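So this one's my_file_1.txt, compact mmCIF, C-alpha atoms:
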# COMPACT_ATOMS: atom_id res chain seq x y z
CA MET R 1215 -59.73 40.57 32.83
CA ILE R 1216 -60.86 38.60 35.86
CA VAL R 1217 -64.11 38.89 37.77
CA LEU R 1218 -64.09 38.20 41.52
CA SER R 1219 -67.15 37.72 43.72
CA GLU R 1220 -67.37 38.66 47.39
CA ALA R 1221 -66.63 35.04 48.26
CA ASP R 1222 -63.48 35.23 46.12
CA VAL R 1223 -62.41 38.47 47.79
CA ARG R 1224 -62.96 37.04 51.28
CA ARG R 1225 -60.85 34.00 50.37
CA LEU R 1226 -58.00 35.97 48.83
CA LEU R 1227 -57.65 39.05 51.07
CA ASP R 1228 -55.01 38.63 53.79
CA LEU R 1229 -56.30 40.67 56.73
CA ASP R 1230 -52.92 40.67 58.49
CA ALA R 1231 -51.36 42.21 55.38
CA LEU R 1232 -54.20 44.72 55.05
CA ILE R 1233 -53.26 46.86 58.07
CA PRO R 1234 -49.67 47.63 56.94
CA ALA R 1235 -51.00 48.13 53.40
CA MET R 1236 -53.36 50.81 54.74
CA GLU R 1237 -50.45 52.44 56.57
CA ARG R 1238 -48.53 52.68 53.29
CA ALA R 1239 -51.60 53.94 51.41
CA LEU R 1240 -52.34 56.70 53.91
CA ALA R 1241 -48.70 57.81 54.08
CA ALA R 1242 -48.53 57.95 50.28
CA PHE R 1243 -51.77 59.96 50.11
CA SER R 1244 -50.63 62.57 52.62
CA SER R 1245 -47.13 62.93 51.16
CA GLY R 1246 -48.24 63.56 47.58
CA GLY R 1247 -47.84 60.05 46.23
CA VAL R 1248 -51.48 59.60 45.21
CA THR R 1249 -53.67 61.35 42.65
CA GLN R 1250 -57.24 61.24 43.89
CA PRO R 1251 -60.16 63.67 43.70
CA VAL R 1252 -62.79 63.95 46.39
CA ARG R 1253 -65.48 61.39 45.57
CA GLU R 1254 -68.26 62.49 43.28
CA ILE R 1255 -71.64 61.76 44.86
CA LEU R 1256 -74.90 61.43 42.95
CA ARG R 1257 -78.03 61.66 45.10
CA ILE R 1258 -80.83 59.26 44.17
CA GLY R 1259 -83.70 61.30 45.57
CA ILE R 1260 -84.29 60.46 49.22
CA ARG R 1261 -83.52 56.78 48.68
CA GLY R 1262 -79.75 56.87 48.66
CA ALA R 1263 -76.54 57.93 46.99
CA PHE R 1264 -74.10 56.62 44.39
CA ALA R 1265 -70.43 57.65 44.34
CA ALA R 1266 -67.37 57.25 42.11
CA MET R 1267 -63.95 57.05 43.82
CA PRO R 1268 -60.91 56.84 41.49
CA ALA R 1269 -57.27 56.81 42.63
CA HIS R 1270 -53.76 56.33 41.22
CA VAL R 1271 -50.89 55.34 43.53
CA HIS R 1272 -47.75 56.65 41.83
CA LYS R 1273 -44.93 54.52 43.22
CA GLU R 1274 -46.76 51.20 42.99
CA ASP R 1275 -48.61 52.24 39.80
CA ILE R 1276 -51.96 51.05 41.13
CA LEU R 1277 -54.92 52.50 39.26
CA GLY R 1278 -58.54 51.84 40.05
CA THR R 1279 -62.01 53.08 40.88
CA LYS R 1280 -64.61 52.12 43.43
CA LEU R 1281 -68.28 52.57 42.57
CA VAL R 1282 -70.26 52.58 45.80
CA SER R 1283 -73.92 52.95 46.70
CA VAL R 1284 -75.50 53.77 50.05
CA PHE R 1285 -79.20 52.90 50.32
CA PRO R 1286 -80.34 52.91 53.99
CA GLY R 1287 -83.70 51.36 53.07
CA ASN R 1288 -81.92 48.16 52.03
CA ALA R 1289 -81.85 47.10 55.66
CA GLU R 1290 -85.63 46.57 55.57
CA ARG R 1291 -85.18 44.37 52.49
CA GLY R 1292 -82.56 42.20 54.16
CA LEU R 1293 -79.82 43.68 51.96
CA HIS R 1294 -76.59 45.46 52.81
CA THR R 1295 -76.98 49.23 52.94
CA HIS R 1296 -73.50 49.75 51.43
CA LEU R 1297 -72.69 47.99 48.15
CA ALA R 1298 -69.67 48.45 45.91
CA THR R 1299 -67.73 47.31 42.86
CA ILE R 1300 -64.01 47.97 42.34
CA LEU R 1301 -62.30 48.18 38.95
CA LEU R 1302 -58.52 47.74 38.68
CA ASN R 1303 -56.80 49.05 35.56
CA ASP R 1304 -53.34 48.81 34.05
CA ALA R 1305 -51.78 52.21 34.79
CA HIS R 1306 -49.83 52.18 31.49
CA THR R 1307 -52.53 51.13 29.04
CA GLY R 1308 -55.82 51.69 30.85
CA GLU R 1309 -56.75 48.05 30.27
CA THR R 1310 -59.21 46.65 32.81
CA LEU R 1311 -57.41 44.00 34.86
CA ALA R 1312 -60.12 43.05 37.32
CA VAL R 1313 -63.71 43.70 38.34
CA MET R 1314 -64.35 42.67 41.92
CA ASP R 1315 -67.01 42.99 44.55
CA GLY R 1316 -66.09 45.89 46.82
CA ARG R 1317 -68.56 45.53 49.68
CA TYR R 1318 -66.32 43.37 51.84
CA ILE R 1319 -63.25 45.45 50.97
CA THR R 1320 -65.10 48.58 52.12
CA GLU R 1321 -66.04 46.82 55.35
CA VAL R 1322 -62.58 45.60 56.33
CA ARG R 1323 -60.40 48.40 54.99
CA THR R 1324 -62.41 50.87 57.09
CA ALA R 1325 -61.71 48.85 60.22
CA ALA R 1326 -58.08 48.32 59.19
CA VAL R 1327 -57.58 52.10 58.96
CA SER R 1328 -59.15 52.46 62.40
CA ALA R 1329 -56.65 49.87 63.62
CA VAL R 1330 -53.87 52.03 62.18
CA SER R 1331 -55.20 54.98 64.17
CA VAL R 1332 -55.20 52.91 67.37
CA ARG R 1333 -51.65 51.78 66.71
CA HIS R 1334 -50.38 55.35 66.25
CA LEU R 1335 -52.73 57.59 68.28
CA ALA R 1336 -54.15 55.64 71.24
CA ARG R 1337 -52.30 55.42 74.55
CA GLU R 1338 -49.93 52.46 74.76
CA ASP R 1339 -51.81 51.16 77.80
CA ALA R 1340 -55.30 51.56 76.28
CA ARG R 1341 -56.96 48.17 76.81
CA ARG R 1342 -60.72 48.91 77.10
CA LEU R 1343 -62.55 49.12 73.79
CA GLY R 1344 -66.08 50.49 73.41
CA ILE R 1345 -68.27 50.41 70.32
CA VAL R 1346 -71.47 52.33 69.68
CA GLY R 1347 -73.29 50.33 67.01
CA SER R 1348 -73.95 46.65 66.30
CA GLY R 1349 -73.89 46.37 62.52
CA VAL R 1350 -71.35 45.43 59.88
CA GLN R 1351 -68.77 48.03 60.92
CA ALA R 1352 -69.08 47.17 64.60
CA ARG R 1353 -68.25 43.55 63.77
CA SER R 1354 -65.37 44.36 61.46
CA HIS R 1355 -63.89 46.75 64.02
CA VAL R 1356 -63.90 44.08 66.71
CA GLU R 1357 -62.10 41.72 64.33
CA MET R 1358 -59.48 44.19 63.08
CA LEU R 1359 -58.83 46.04 66.35
CA ARG R 1360 -58.13 42.71 68.04
CA ARG R 1361 -55.22 42.40 65.61
CA VAL R 1362 -53.42 45.44 67.07
CA ARG R 1363 -54.28 45.30 70.79
CA ALA R 1364 -54.96 42.68 73.45
CA TRP R 1365 -58.16 44.20 74.85
CA THR R 1366 -59.09 43.31 78.41
CA GLU R 1367 -62.65 44.60 77.95
CA ILE R 1368 -64.86 45.18 74.90
CA GLY R 1369 -68.30 46.69 75.47
CA ALA R 1370 -70.95 47.79 72.99
CA TRP R 1371 -74.34 49.44 72.80
CA SER R 1372 -76.87 50.13 70.06
CA PRO R 1373 -80.54 51.16 70.18
CA ASN R 1374 -81.60 47.86 68.59
CA ARG R 1375 -81.38 45.50 71.56
CA ALA R 1376 -81.93 42.34 69.52
CA ASN R 1377 -79.10 43.24 67.13
CA LEU R 1378 -76.89 44.23 70.05
CA GLU R 1379 -77.38 40.95 71.89
CA ARG R 1380 -76.73 38.92 68.73
CA PHE R 1381 -73.59 40.95 68.01
CA ALA R 1382 -72.40 40.58 71.61
CA GLU R 1383 -72.87 36.82 71.60
CA GLU R 1384 -71.29 36.23 68.20
CA CYS R 1385 -68.29 38.52 68.75
CA GLY R 1386 -67.68 37.88 72.44
CA VAL R 1387 -68.32 41.40 73.70
CA ALA R 1388 -70.40 42.78 76.58
CA ALA R 1389 -73.80 44.31 75.78
CA LEU R 1390 -74.00 47.57 77.74
CA SER R 1391 -77.01 49.69 78.67
CA SER R 1392 -76.23 52.97 76.90
CA ALA R 1393 -73.79 54.91 74.75
CA GLU R 1394 -72.88 56.81 77.90
CA GLU R 1395 -71.83 53.59 79.63
CA VAL R 1396 -69.69 52.69 76.61
CA ALA R 1397 -67.96 56.07 76.55
CA ARG R 1398 -67.38 56.31 80.30
CA ASN R 1399 -65.80 52.84 80.50
CA SER R 1400 -63.55 52.80 77.43
CA ASP R 1401 -60.06 53.97 76.51
CA VAL R 1402 -60.89 53.71 72.80
CA VAL R 1403 -64.41 54.52 71.57
CA VAL R 1404 -65.65 53.65 68.07
CA THR R 1405 -68.88 55.15 66.73
CA ALA R 1406 -70.27 53.09 63.85
CA THR R 1407 -73.88 54.21 63.53
CA ALA R 1408 -76.30 55.61 60.98
CA SER R 1409 -77.30 58.40 63.37
CA SER R 1410 -77.61 61.96 62.11
CA GLN R 1411 -77.30 63.34 65.65
CA PRO R 1412 -74.43 63.01 68.16
CA VAL R 1413 -74.40 59.74 70.09
CA VAL R 1414 -71.32 60.52 72.25
CA ARG R 1415 -71.11 63.63 74.41
CA SER R 1416 -68.09 65.42 75.80
CA GLU R 1417 -68.91 64.96 79.50
CA TRP R 1418 -68.88 61.17 79.07
CA VAL R 1419 -65.31 60.97 77.76
CA ALA R 1420 -62.29 61.04 80.06
CA ASP R 1421 -58.97 62.67 79.27
CA GLY R 1422 -56.60 60.35 77.42
CA ALA R 1423 -59.25 58.60 75.34
CA HIS R 1424 -58.99 57.89 71.62
CA LEU R 1425 -62.14 58.34 69.52
CA ILE R 1426 -62.81 56.83 66.10
CA ALA R 1427 -65.84 58.14 64.19
CA VAL R 1428 -66.70 56.06 61.11
CA GLY R 1429 -70.48 56.15 60.68
CA SER R 1430 -71.19 59.60 59.26
CA CYS R 1431 -70.11 60.69 55.76
CA PHE R 1432 -72.48 63.61 55.11
CA PRO R 1433 -72.14 67.25 56.26
CA SER R 1434 -75.65 67.05 57.76
CA HIS R 1435 -74.75 64.06 59.98
CA SER R 1436 -72.53 63.79 63.05
CA GLU R 1437 -71.92 61.12 65.69
CA ILE R 1438 -69.67 63.12 68.04
CA GLU R 1439 -70.80 66.23 69.90
CA GLY R 1440 -69.11 69.35 68.54
CA ALA R 1441 -67.74 70.28 71.97
CA LEU R 1442 -65.99 66.91 72.19
CA VAL R 1443 -64.49 67.28 68.72
CA ALA R 1444 -63.23 70.74 69.72
CA ARG R 1445 -61.76 69.25 72.91
CA SER R 1446 -59.87 66.62 70.92
CA TRP R 1447 -56.67 66.66 68.90
CA LEU R 1448 -58.42 65.93 65.59
CA TYR R 1449 -56.96 63.78 62.82
CA VAL R 1450 -58.66 63.03 59.49
CA ASP R 1451 -57.90 60.83 56.50
CA SER R 1452 -58.24 63.79 54.09
CA ARG R 1453 -58.51 67.47 54.99
CA THR R 1454 -60.23 68.29 51.71
CA ALA R 1455 -62.82 65.54 52.06
CA ALA R 1456 -63.40 66.27 55.74
CA MET R 1457 -64.22 69.91 55.05
CA LYS R 1458 -66.67 68.90 52.33
CA GLU R 1459 -68.29 65.76 53.75
CA SER R 1460 -67.97 65.52 57.54
CA GLY R 1461 -70.58 66.98 59.86
CA ASP R 1462 -68.45 65.84 62.80
CA VAL R 1463 -65.56 67.97 61.59
CA LEU R 1464 -67.66 70.98 60.55
CA ASN R 1465 -69.52 71.03 63.88
CA GLY R 1466 -66.25 70.64 65.76
CA ILE R 1467 -64.72 73.58 63.93
CA ALA R 1468 -67.83 75.66 64.64
CA ALA R 1469 -67.32 74.82 68.33
CA GLY R 1470 -63.73 76.10 68.23
CA GLY R 1471 -61.80 73.02 67.14
CA GLU R 1472 -59.49 72.49 64.19
CA ILE R 1473 -58.01 69.71 62.07
CA ARG R 1474 -54.53 69.07 63.45
CA ALA R 1475 -53.26 66.64 60.82
CA GLU R 1476 -54.08 63.84 58.43
CA LEU R 1477 -53.37 60.39 59.81
CA GLY R 1478 -51.12 59.79 56.81
CA GLU R 1479 -49.00 62.79 57.81
CA VAL R 1480 -48.31 61.10 61.14
CA LEU R 1481 -47.35 57.89 59.34
CA ALA R 1482 -45.07 59.79 56.94
CA GLY R 1483 -43.35 61.66 59.79
CA LEU R 1484 -44.81 65.00 58.71
CA ALA R 1485 -46.93 65.62 61.83
CA PRO R 1486 -46.90 64.51 65.48
CA GLY R 1487 -49.15 61.81 66.86
CA ARG R 1488 -50.30 61.67 70.46
CA ARG R 1489 -48.34 64.20 72.53
CA SER R 1490 -49.38 63.24 76.08
CA ARG R 1491 -51.31 60.68 78.09
CA ALA R 1492 -53.96 63.26 78.98
CA GLU R 1493 -54.96 64.55 75.56
CA ILE R 1494 -57.98 63.19 73.75
CA THR R 1495 -57.22 62.11 70.20
CA MET R 1496 -59.92 61.67 67.58
CA PHE R 1497 -59.74 60.12 64.12
CA LYS R 1498 -62.55 60.98 61.72
CA SER R 1499 -62.68 58.34 59.00
CA LEU R 1500 -64.49 59.10 55.75
CA GLY R 1501 -62.81 56.44 53.62
CA LEU R 1502 -60.46 57.09 50.72
CA ALA R 1503 -60.33 55.62 47.23
CA VAL R 1504 -56.64 54.86 47.72
CA GLU R 1505 -57.58 52.48 50.55
CA ASP R 1506 -59.94 50.60 48.25
CA VAL R 1507 -57.61 50.27 45.28
CA VAL R 1508 -54.64 49.23 47.42
CA ALA R 1509 -56.79 46.58 49.12
CA ALA R 1510 -58.06 45.46 45.72
CA ALA R 1511 -54.46 45.17 44.50
CA LEU R 1512 -53.74 42.77 47.38
CA VAL R 1513 -56.66 40.64 46.24
CA TYR R 1514 -55.52 40.75 42.61
CA GLU R 1515 -51.98 39.71 43.53
CA ALA R 1516 -53.28 36.88 45.72
CA ALA R 1517 -55.31 35.62 42.74
CA GLY R 1518 -51.99 34.86 41.05
CA VAL R 1519 -52.64 36.95 37.95
CA ARG R 1520 -49.74 38.66 36.24
CA LYS R 1521 -50.01 41.64 33.92
Starting from the file, give its structure as structure tokens.
Amino acid sequence: MIVLSEADVRRLLDLDALIPAMERALAAFSSGGVTQPVREILRIGIRGAFAAMPAHVHKEDILGTKLVSVFPGNAERGLHTHLATILLNDAHTGETLAVMDGRYITEVRTAAVSAVSVRHLAREDARRLGIVGSGVQARSHVEMLRRVRAWTEIGAWSPNRANLERFAEECGVAALSSAEEVARNSDVVVTATASSQPVVRSEWVADGAHLIAVGSCFPSHSEIEGALVARSWLYVDSRTAAMKESGDVLNGIAAGGEIRAELGEVLAGLAPGRRSRAEITMFKSLGLAVEDVVAAALVYEAAGVRK
């Protein structure tokens, strides 16, 4: 068994290989090639939550589990709000092969999946990227989305002006004045916030946009106005998880919308992607265990360890 720190994971994980790996993982999930329950979440009072996320990828025989915690109050302590550990196991014997830090994997695989959605759902000529948020996911999305498109403009907004200006300077993006300005001036809009209430409204978004909602993973939270979700052709990573965990999806359905397909179904050729220049597409990302264990397998292979 090997133990890998976050520094080890950062050194070993090939980000260019991560995007196609996420494409394969999502396609396998949506075509029946993965055994994976919806994550089990343990609430720790009002302080946070702890979740277990196991998955087995049949064809590649990748078996593993992510243990993840979400403690919003960590921000005041100067700590990451999302922390994780990933275990990789031998799928034939159950032997533990690796224990590795999963915080960075969670960060970049989320953005890599968003990049997959841009590649397959955004308009071909979409070149203006907007981000609502200025934290870890905002940064990782700038890095990973630059790997699939040559953006002519990237603008961002968050309510914390100091964080926004630091993010803008470090990542080379424009600090905008409001979420409305982001939405009105972007072809692709990413919401990566901790907000429990919608931060993007329908009247701000033009036909033909692609939306990516990554910040909310509780049924009581939503970043996108229900009317906008209902107006969009909605894709999710998992139907089952979305109906249990996503306030964005539940509010959108209440407003008359519906889940059109899983992103993996598009990748596997089981469902259509974008059908016209005018339609709004939306990808609601909750994060799947298969994404974590496949990313962890890339790290394990790069470490040069053989079973």
- [ ] Write out as a ChimeraX atom specification each polymer residue whose atoms come within 8 Å of Thr1495 (chain R), counting only C-alpha atoms; drop sequence neighbours fewer than 5 positions from it.
- [x] /R:1335-1336,1422-1425,1446-1449,1488
Centre and size of axis-aligned box enclosing region 1439-1458 of chain R plus 5 Å each side, as AutoDock Vina command-line options:
--center_x -63.7 --center_y 65.8 --center_z 62.3 --size_x 24.1 --size_y 19.9 --size_z 31.2
Open item on the list: Rounded to one decimal, what separation in Å do you get between CA of Val1403 (chain R) and CA of Val1387 (chain R)?
Closed with: 13.9 Å
Open item on the list: Which residues are near Leu1226 (chain R)? Cut-off 9 Å, all atoms listed in the file, ignore same chain within fewer than 6 positions. Put them as a list in words.
Closed with: Leu1512, Val1513, Tyr1514, Glu1515, Ala1516 and Ala1517 of chain R
Please write as a JSON list (two decimals) with C-alpha atoms, keeping the file's coordinate frame the list of polymer residues whose atoms come within 12 Å of (-48.1, 58.3, 45.8), counting all atoms listed in the file and keeping to the coordinates of the file.
[["chain", "number", "residue", "atom", "x", "y", "z"],
["R", 1238, "ARG", "CA", -48.53, 52.68, 53.29],
["R", 1239, "ALA", "CA", -51.60, 53.94, 51.41],
["R", 1240, "LEU", "CA", -52.34, 56.70, 53.91],
["R", 1241, "ALA", "CA", -48.70, 57.81, 54.08],
["R", 1242, "ALA", "CA", -48.53, 57.95, 50.28],
["R", 1243, "PHE", "CA", -51.77, 59.96, 50.11],
["R", 1244, "SER", "CA", -50.63, 62.57, 52.62],
["R", 1245, "SER", "CA", -47.13, 62.93, 51.16],
["R", 1246, "GLY", "CA", -48.24, 63.56, 47.58],
["R", 1247, "GLY", "CA", -47.84, 60.05, 46.23],
["R", 1248, "VAL", "CA", -51.48, 59.60, 45.21],
["R", 1249, "THR", "CA", -53.67, 61.35, 42.65],
["R", 1250, "GLN", "CA", -57.24, 61.24, 43.89],
["R", 1269, "ALA", "CA", -57.27, 56.81, 42.63],
["R", 1270, "HIS", "CA", -53.76, 56.33, 41.22],
["R", 1271, "VAL", "CA", -50.89, 55.34, 43.53],
["R", 1272, "HIS", "CA", -47.75, 56.65, 41.83],
["R", 1273, "LYS", "CA", -44.93, 54.52, 43.22],
["R", 1274, "GLU", "CA", -46.76, 51.20, 42.99],
["R", 1275, "ASP", "CA", -48.61, 52.24, 39.80],
["R", 1276, "ILE", "CA", -51.96, 51.05, 41.13],
["R", 1277, "LEU", "CA", -54.92, 52.50, 39.26],
["R", 1478, "GLY", "CA", -51.12, 59.79, 56.81],
["R", 1482, "ALA", "CA", -45.07, 59.79, 56.94],
["R", 1504, "VAL", "CA", -56.64, 54.86, 47.72],
["R", 1508, "VAL", "CA", -54.64, 49.23, 47.42]]
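Using all atoms listed in the file, the nearest neighbour of Arg1342 (chain R) within the list R:Arg1361, R:Arg1398, R:Arg1323, R:Arg1380 is R:Arg1398.
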Task: Which residue of R:Thr1324, R:Ser1499, R:Ser1409, R:Ser1354 approaches Ser1436 (chain R) most closely, using all atoms listed in the file - done: R:Ser1409
Task: Atomic distance CA of Glu1254 (chain R) - CA of Leu1281 (chain R), expressed in Å with one decimal - done: 9.9 Å
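With only C-alpha atoms as the atoms that count, the minimum distance from Asp1401 (chain R) to the choices R:Val1356, R:Ala1420, R:Ala1485, R:Ala1382 is reached by R:Ala1420.
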TODO: Can you work out the spacing between CA of Ala1468 (chain R) and CA of Gly1440 (chain R) in Å, to one decimal?
DONE: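 Computed distance, CA of Ala1468 (chain R) to CA of Gly1440 (chain R), equals 7.5 Å.
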TODO: Would you kindly return, as a PyMOL selection string, each protein, DNA or RNA residue with an atom no farther than 7 Å from any atom of region 1230-1236 of chain R, considering only C-alpha atoms and excluding same-chain residues fewer than 5 positions away?
DONE: chain R and resi 1326-1327+1330+1505+1509
